[in-house]
Each structure stands twice: as structure tokens, then as C-alpha cells.
Amino acid sequence: MTDNACLVAFVRARLDEEERIAREAGGDTWRCPPELPGEVHDRAGGISFSVRTSGYDLHIARQDPSRTLRRVEMSRVLLDEYADVAGMDTDRPAHDFPSGRAVGLGFAVRQIAAEHARHPDYRAKWLPRFV
């Protein structure tokens with residue numbers, strides 16, 4: 001497996017993990033009423049949990065499972081586009097559109113992978129290239 005194929009597999013696995021965790025946390029059933037900051041309600045209106053500590057309430061409310069699922073889906077679209085051209089993502093690309101597209105998409109995928117840089121399977125050579 002090429003290094004870029006390993007990168008794609010790594011990012012796919014992390015996205016699968018995020019999706020599983022978000023679905024187990026309720027998927028799209030969270031609701032954060034704007035009039036009740038810090039409270040997270042389930043679809044039936046019951047309070048799932050409440051955090052009213054300075055700054056935590058807004059942060060947690062923005063990390064709801066449905067938002068994670070939307071981000072995972074968007075990341076998969078980008079990853080699929082990259083997977084099609086990953087073989088052209090090299091340190092010395094040709095000066096044409098397909099190679100430029102591969103390098104640009106590779107930069108974006110490396111940014112996604114870098115979010116998981118502390119994962120034991122992450123490789124430092126996947127750090128985004130700045131040229």
C-alpha cells in the first residue's frame with residue numbers, strides 16, 4: 001500500500017470512529033434550546049445533561065452529534081475526491097491541473113489527518129506540506 005493510500009485509510013478509519021461515537025451519542029436527536037444555554041435535550045424534550053460553567057455550555061452545545069455527522073460526511077466527500085488522485089500527490093508534482101489538484105486535495109486531507117496527530121497510527125510524514 002502506498003503512503004498516500006495509508007493516509008486515506010487512516011483518515012477513513014478516524015471518520016468511521018467519529019461517526020460511530022456521534023451515532024451512539026444520539027445522532028441527530030440533540031436539541032440545545034437557545035433560551036436555555038447549557039442544556040442539551042433529547043428529541044422528547046428531556047434534559048440529557050446540563051453544563052452551565054463559563055464557556056463550556058456553548059462549546060458543548062456546538063459539538064452535538066448531528067454536527068459531527070455533517071462534518072464527517074463533508075470530510076468523506078473531500079477524502080473520496082483525493083483518493084481518486086492520491087497517486088499524483090508527490091513532493092515533485094508535474095505542472096499541470098491534475099497534479100495541482102492532487103497536491104491541493106492532499107494538503108486538505110493532511111490537515112484532516114493532523115487533527116488526529118496523537119493517534120498511535122498517525123505518521124509524522126503526513127504533516128501538511130508547505131511549498
# chains A, B, ... in the order shown; residues from 1 in each chain; ligands from 1

$ select_by_dssp --residues "stretch 21-120 of chain A" --states "alpha helix (DSSP H)" --output "compact mmCIF listing (two decimals) with N, CA and C atoms, in the first residue's frame"
# COMPACT_ATOMS: atom_id res chain seq x y z
N ILE A 21 -19.19 7.13 17.25
CA ILE A 21 -19.34 7.81 18.53
C ILE A 21 -20.51 8.78 18.49
N ALA A 22 -20.64 9.54 17.40
CA ALA A 22 -21.73 10.51 17.27
C ALA A 22 -23.08 9.80 17.23
N ARG A 23 -23.15 8.70 16.52
CA ARG A 23 -24.41 7.95 16.45
C ARG A 23 -24.77 7.37 17.82
N GLU A 24 -23.77 6.84 18.53
CA GLU A 24 -24.01 6.30 19.87
C GLU A 24 -24.42 7.40 20.86
N TYR A 56 -18.14 26.49 28.81
CA TYR A 56 -18.36 25.09 28.47
C TYR A 56 -19.71 24.88 27.80
N ASP A 57 -20.73 25.60 28.26
CA ASP A 57 -22.07 25.37 27.75
C ASP A 57 -22.15 25.59 26.24
N LEU A 58 -21.63 26.71 25.78
CA LEU A 58 -21.70 27.00 24.34
C LEU A 58 -20.83 26.04 23.54
N HIS A 59 -19.67 25.71 24.09
CA HIS A 59 -18.78 24.79 23.37
C HIS A 59 -19.44 23.42 23.22
N ILE A 60 -19.96 22.89 24.29
CA ILE A 60 -20.58 21.56 24.23
C ILE A 60 -21.79 21.57 23.31
N ALA A 61 -22.57 22.61 23.38
CA ALA A 61 -23.75 22.70 22.52
C ALA A 61 -23.36 22.67 21.04
N ARG A 62 -22.23 23.25 20.70
CA ARG A 62 -21.79 23.27 19.30
C ARG A 62 -21.17 21.95 18.86
N PRO A 65 -23.89 15.70 18.25
CA PRO A 65 -23.64 14.60 17.32
C PRO A 65 -24.06 14.87 15.87
N SER A 66 -25.16 15.58 15.66
CA SER A 66 -25.60 15.82 14.28
C SER A 66 -24.60 16.71 13.54
N ARG A 67 -24.01 17.65 14.24
CA ARG A 67 -22.99 18.49 13.62
C ARG A 67 -21.76 17.66 13.26
N THR A 68 -21.39 16.75 14.15
CA THR A 68 -20.26 15.86 13.87
C THR A 68 -20.56 15.01 12.65
N LEU A 69 -21.77 14.49 12.56
CA LEU A 69 -22.14 13.65 11.41
C LEU A 69 -22.07 14.44 10.11
N ARG A 70 -22.49 15.70 10.13
CA ARG A 70 -22.40 16.54 8.92
C ARG A 70 -20.94 16.78 8.54
N ARG A 71 -20.09 17.05 9.54
CA ARG A 71 -18.67 17.29 9.27
C ARG A 71 -18.01 16.02 8.73
N VAL A 72 -18.35 14.87 9.29
CA VAL A 72 -17.79 13.60 8.81
C VAL A 72 -18.18 13.37 7.36
N GLU A 73 -19.43 13.60 7.02
CA GLU A 73 -19.89 13.40 5.64
C GLU A 73 -19.15 14.34 4.68
N MET A 74 -19.00 15.60 5.07
CA MET A 74 -18.27 16.55 4.22
C MET A 74 -16.81 16.11 4.05
N SER A 75 -16.21 15.64 5.12
CA SER A 75 -14.82 15.19 5.05
C SER A 75 -14.68 13.97 4.16
N ARG A 76 -15.67 13.10 4.17
CA ARG A 76 -15.63 11.91 3.30
C ARG A 76 -15.71 12.30 1.83
N VAL A 77 -16.48 13.30 1.50
CA VAL A 77 -16.55 13.77 0.11
C VAL A 77 -15.18 14.24 -0.33
N LEU A 78 -14.53 15.05 0.48
CA LEU A 78 -13.19 15.55 0.16
C LEU A 78 -12.21 14.38 0.07
N LEU A 79 -12.29 13.45 1.01
CA LEU A 79 -11.39 12.30 1.01
C LEU A 79 -11.58 11.43 -0.23
N ASP A 80 -12.82 11.23 -0.66
CA ASP A 80 -13.07 10.45 -1.88
C ASP A 80 -12.49 11.13 -3.11
N GLU A 81 -12.61 12.45 -3.17
CA GLU A 81 -12.00 13.19 -4.29
C GLU A 81 -10.49 13.00 -4.29
N TYR A 82 -9.89 13.05 -3.11
CA TYR A 82 -8.44 12.87 -3.01
C TYR A 82 -8.03 11.44 -3.38
N ALA A 83 -8.78 10.45 -2.93
CA ALA A 83 -8.44 9.05 -3.19
C ALA A 83 -8.30 8.79 -4.69
N ASP A 84 -9.10 9.49 -5.49
CA ASP A 84 -9.04 9.31 -6.94
C ASP A 84 -7.75 9.81 -7.56
N VAL A 85 -7.08 10.76 -6.90
CA VAL A 85 -5.87 11.36 -7.49
C VAL A 85 -4.65 11.26 -6.58
N PHE A 97 -2.85 20.67 -14.30
CA PHE A 97 -4.02 20.74 -13.43
C PHE A 97 -4.23 19.49 -12.58
N PRO A 98 -4.18 18.28 -13.16
CA PRO A 98 -4.41 17.08 -12.33
C PRO A 98 -3.42 16.97 -11.17
N SER A 99 -2.16 17.26 -11.42
CA SER A 99 -1.17 17.20 -10.35
C SER A 99 -1.41 18.28 -9.31
N GLY A 100 -1.75 19.46 -9.76
CA GLY A 100 -2.06 20.55 -8.83
C GLY A 100 -3.27 20.22 -7.98
N ARG A 101 -4.26 19.61 -8.60
CA ARG A 101 -5.47 19.20 -7.87
C ARG A 101 -5.11 18.17 -6.80
N ALA A 102 -4.26 17.20 -7.17
CA ALA A 102 -3.85 16.16 -6.23
C ALA A 102 -3.11 16.76 -5.04
N VAL A 103 -2.20 17.68 -5.30
CA VAL A 103 -1.44 18.30 -4.23
C VAL A 103 -2.36 19.15 -3.34
N GLY A 104 -3.28 19.88 -3.95
CA GLY A 104 -4.21 20.70 -3.16
C GLY A 104 -5.13 19.87 -2.29
N LEU A 105 -5.70 18.82 -2.88
CA LEU A 105 -6.56 17.93 -2.09
C LEU A 105 -5.74 17.21 -1.02
N GLY A 106 -4.50 16.84 -1.37
CA GLY A 106 -3.63 16.19 -0.39
C GLY A 106 -3.36 17.09 0.81
N PHE A 107 -3.18 18.37 0.55
CA PHE A 107 -2.96 19.32 1.65
C PHE A 107 -4.18 19.32 2.57
N ALA A 108 -5.37 19.36 2.00
CA ALA A 108 -6.59 19.37 2.80
C ALA A 108 -6.74 18.07 3.59
N VAL A 109 -6.47 16.94 2.98
CA VAL A 109 -6.59 15.65 3.68
C VAL A 109 -5.55 15.55 4.80
N ARG A 110 -4.36 16.07 4.56
CA ARG A 110 -3.33 16.07 5.61
C ARG A 110 -3.76 16.94 6.79
N GLN A 111 -4.47 18.01 6.52
CA GLN A 111 -5.00 18.84 7.61
C GLN A 111 -6.00 18.05 8.44
N ILE A 112 -6.87 17.29 7.77
CA ILE A 112 -7.84 16.45 8.49
C ILE A 112 -7.10 15.41 9.33
N ALA A 113 -6.10 14.78 8.73
CA ALA A 113 -5.33 13.75 9.45
C ALA A 113 -4.61 14.36 10.65
N ALA A 114 -4.10 15.58 10.51
CA ALA A 114 -3.34 16.21 11.59
C ALA A 114 -4.19 16.43 12.84

$ residues_around --residues "A:Trp126" --least-positions-apart "2" --cutoff "12 Å" --atoms "only C-alpha atoms" --output "PyMOL selection string"
chain A and resi 3-8+10-11+89-91+106-117+121-124+128-130

$ write_last_selection --atoms "N, CA, C and O atoms" --output "compact mmCIF listing (two decimals), in the first residue's frame"
# COMPACT_ATOMS: atom_id res chain seq x y z
N ASP A 3 2.07 5.20 0.53
CA ASP A 3 1.92 6.06 1.69
C ASP A 3 0.63 6.88 1.63
O ASP A 3 -0.05 7.05 2.63
N ASN A 4 0.29 7.37 0.42
CA ASN A 4 -0.94 8.15 0.29
C ASN A 4 -2.17 7.27 0.52
O ASN A 4 -3.17 7.72 1.09
N ALA A 5 -2.10 6.01 0.10
CA ALA A 5 -3.20 5.07 0.36
C ALA A 5 -3.33 4.82 1.86
O ALA A 5 -4.44 4.70 2.39
N CYS A 6 -2.20 4.74 2.56
CA CYS A 6 -2.23 4.58 4.02
C CYS A 6 -2.84 5.81 4.69
O CYS A 6 -3.59 5.68 5.65
N LEU A 7 -2.51 6.98 4.17
CA LEU A 7 -3.10 8.22 4.69
C LEU A 7 -4.61 8.19 4.51
O LEU A 7 -5.36 8.51 5.45
N VAL A 8 -5.08 7.82 3.35
CA VAL A 8 -6.53 7.74 3.08
C VAL A 8 -7.17 6.74 4.04
O VAL A 8 -8.22 7.02 4.64
N PHE A 10 -6.12 5.77 6.97
CA PHE A 10 -6.07 6.33 8.32
C PHE A 10 -7.20 7.32 8.54
O PHE A 10 -7.93 7.24 9.53
N VAL A 11 -7.38 8.24 7.59
CA VAL A 11 -8.44 9.24 7.74
C VAL A 11 -9.81 8.58 7.69
O VAL A 11 -10.69 8.91 8.49
N ASP A 89 -0.14 12.89 -5.97
CA ASP A 89 0.27 13.79 -4.89
C ASP A 89 1.68 13.41 -4.46
O ASP A 89 1.89 12.49 -3.69
N THR A 90 2.64 14.12 -5.02
CA THR A 90 4.06 13.84 -4.76
C THR A 90 4.77 15.10 -4.34
O THR A 90 4.24 16.22 -4.48
N ASP A 91 5.99 14.93 -3.85
CA ASP A 91 6.81 16.09 -3.47
C ASP A 91 7.22 16.92 -4.68
O ASP A 91 7.52 18.09 -4.56
N GLY A 106 -4.50 16.84 -1.37
CA GLY A 106 -3.63 16.19 -0.39
C GLY A 106 -3.36 17.09 0.81
O GLY A 106 -3.33 16.63 1.95
N PHE A 107 -3.18 18.37 0.55
CA PHE A 107 -2.96 19.32 1.65
C PHE A 107 -4.18 19.32 2.57
O PHE A 107 -4.04 19.27 3.80
N ALA A 108 -5.37 19.36 2.00
CA ALA A 108 -6.59 19.37 2.80
C ALA A 108 -6.74 18.07 3.59
O ALA A 108 -7.10 18.09 4.78
N VAL A 109 -6.47 16.94 2.98
CA VAL A 109 -6.59 15.65 3.68
C VAL A 109 -5.55 15.55 4.80
O VAL A 109 -5.83 15.04 5.88
N ARG A 110 -4.36 16.07 4.56
CA ARG A 110 -3.33 16.07 5.61
C ARG A 110 -3.76 16.94 6.79
O ARG A 110 -3.44 16.64 7.94
N GLN A 111 -4.47 18.01 6.52
CA GLN A 111 -5.00 18.84 7.61
C GLN A 111 -6.00 18.05 8.44
O GLN A 111 -6.01 18.13 9.67
N ILE A 112 -6.87 17.29 7.77
CA ILE A 112 -7.84 16.45 8.49
C ILE A 112 -7.10 15.41 9.33
O ILE A 112 -7.43 15.18 10.49
N ALA A 113 -6.10 14.78 8.73
CA ALA A 113 -5.33 13.75 9.45
C ALA A 113 -4.61 14.36 10.65
O ALA A 113 -4.52 13.72 11.71
N ALA A 114 -4.10 15.58 10.51
CA ALA A 114 -3.34 16.21 11.59
C ALA A 114 -4.19 16.43 12.84
O ALA A 114 -3.65 16.51 13.94
N GLU A 115 -5.50 16.48 12.68
CA GLU A 115 -6.38 16.59 13.84
C GLU A 115 -6.19 15.37 14.76
O GLU A 115 -6.45 15.44 15.96
N HIS A 116 -5.71 14.28 14.20
CA HIS A 116 -5.53 13.03 14.94
C HIS A 116 -4.05 12.69 15.13
O HIS A 116 -3.68 11.53 15.22
N ALA A 117 -3.21 13.72 15.19
CA ALA A 117 -1.76 13.51 15.26
C ALA A 117 -1.32 12.74 16.50
O ALA A 117 -0.25 12.14 16.49
N ASP A 121 -1.42 5.50 15.30
CA ASP A 121 -1.18 5.13 13.90
C ASP A 121 -0.82 6.32 13.02
O ASP A 121 -0.52 6.15 11.83
N TYR A 122 -0.83 7.53 13.57
CA TYR A 122 -0.51 8.72 12.77
C TYR A 122 0.99 8.73 12.46
O TYR A 122 1.82 8.36 13.28
N ARG A 123 1.31 9.14 11.25
CA ARG A 123 2.71 9.21 10.82
C ARG A 123 3.11 10.67 10.61
O ARG A 123 2.42 11.42 9.92
N ALA A 124 4.25 11.05 11.17
CA ALA A 124 4.71 12.43 11.06
C ALA A 124 4.89 12.87 9.61
O ALA A 124 4.70 14.06 9.29
N PRO A 128 1.03 18.30 6.87
CA PRO A 128 0.80 19.07 5.63
C PRO A 128 2.11 19.64 5.10
O PRO A 128 2.96 20.10 5.86
N ARG A 129 2.25 19.58 3.78
CA ARG A 129 3.43 20.14 3.12
C ARG A 129 3.18 21.60 2.81
O ARG A 129 2.12 21.96 2.31
N PHE A 130 4.15 22.42 3.09
CA PHE A 130 4.07 23.84 2.74
C PHE A 130 5.18 24.12 1.74
O PHE A 130 6.35 24.00 2.07

$ atom_distance --atom1 "atom CA of A:Trp30" --atom2 "atom CA of A:Arg14"
22.4 Å

$ residues_around --residues "A:Asp64" --least-positions-apart "5" --cutoff "9 Å" --atoms "only C-alpha atoms" --output "list of chain:residue names"
A:Ala22, A:Ala25, A:Gly26, A:Gly27, A:Asp28, A:Trp30, A:Arg31, A:Cys32, A:Val40, A:Leu69

$ atom_distance --atom1 "atom CA of A:Arg43" --atom2 "atom CA of A:Glu17"
23.5 Å

$ decode --residues "stretch 81-95 of chain A" --atoms "N, CA and C atoms" --output "CSV table (one decimal), in the first residue's frame"
chain,number,residue,atom,x,y,z
A,81,GLU,N,-12.6,12.5,-3.2
A,81,GLU,CA,-12.0,13.2,-4.3
A,81,GLU,C,-10.5,13.0,-4.3
A,82,TYR,N,-9.9,13.0,-3.1
A,82,TYR,CA,-8.4,12.9,-3.0
A,82,TYR,C,-8.0,11.4,-3.4
A,83,ALA,N,-8.8,10.5,-2.9
A,83,ALA,CA,-8.4,9.1,-3.2
A,83,ALA,C,-8.3,8.8,-4.7
A,84,ASP,N,-9.1,9.5,-5.5
A,84,ASP,CA,-9.0,9.3,-6.9
A,84,ASP,C,-7.7,9.8,-7.6
A,85,VAL,N,-7.1,10.8,-6.9
A,85,VAL,CA,-5.9,11.4,-7.5
A,85,VAL,C,-4.7,11.3,-6.6
A,86,ALA,N,-4.8,10.5,-5.5
A,86,ALA,CA,-3.7,10.4,-4.5
A,86,ALA,C,-2.3,10.0,-5.1
A,87,GLY,N,-2.4,9.2,-6.1
A,87,GLY,CA,-1.1,8.7,-6.7
A,87,GLY,C,-0.3,9.9,-7.4
A,88,MET,N,-1.0,11.0,-7.7
A,88,MET,CA,-0.3,12.1,-8.3
A,88,MET,C,0.2,13.1,-7.2
A,89,ASP,N,-0.1,12.9,-6.0
A,89,ASP,CA,0.3,13.8,-4.9
A,89,ASP,C,1.7,13.4,-4.5
A,90,THR,N,2.6,14.1,-5.0
A,90,THR,CA,4.1,13.8,-4.8
A,90,THR,C,4.8,15.1,-4.3
A,91,ASP,N,6.0,14.9,-3.8
A,91,ASP,CA,6.8,16.1,-3.5
A,91,ASP,C,7.2,16.9,-4.7
A,92,ARG,N,7.3,16.3,-5.8
A,92,ARG,CA,7.7,17.0,-7.1
A,92,ARG,C,6.6,16.7,-8.1
A,93,PRO,N,5.4,17.4,-8.0
A,93,PRO,CA,4.3,17.2,-8.9
A,93,PRO,C,4.6,17.8,-10.3
A,94,ALA,N,4.0,17.3,-11.3
A,94,ALA,CA,4.0,17.9,-12.6
A,94,ALA,C,3.4,19.3,-12.5
A,95,HIS,N,3.6,20.1,-13.5
A,95,HIS,CA,3.0,21.4,-13.5
A,95,HIS,C,1.8,21.4,-14.5
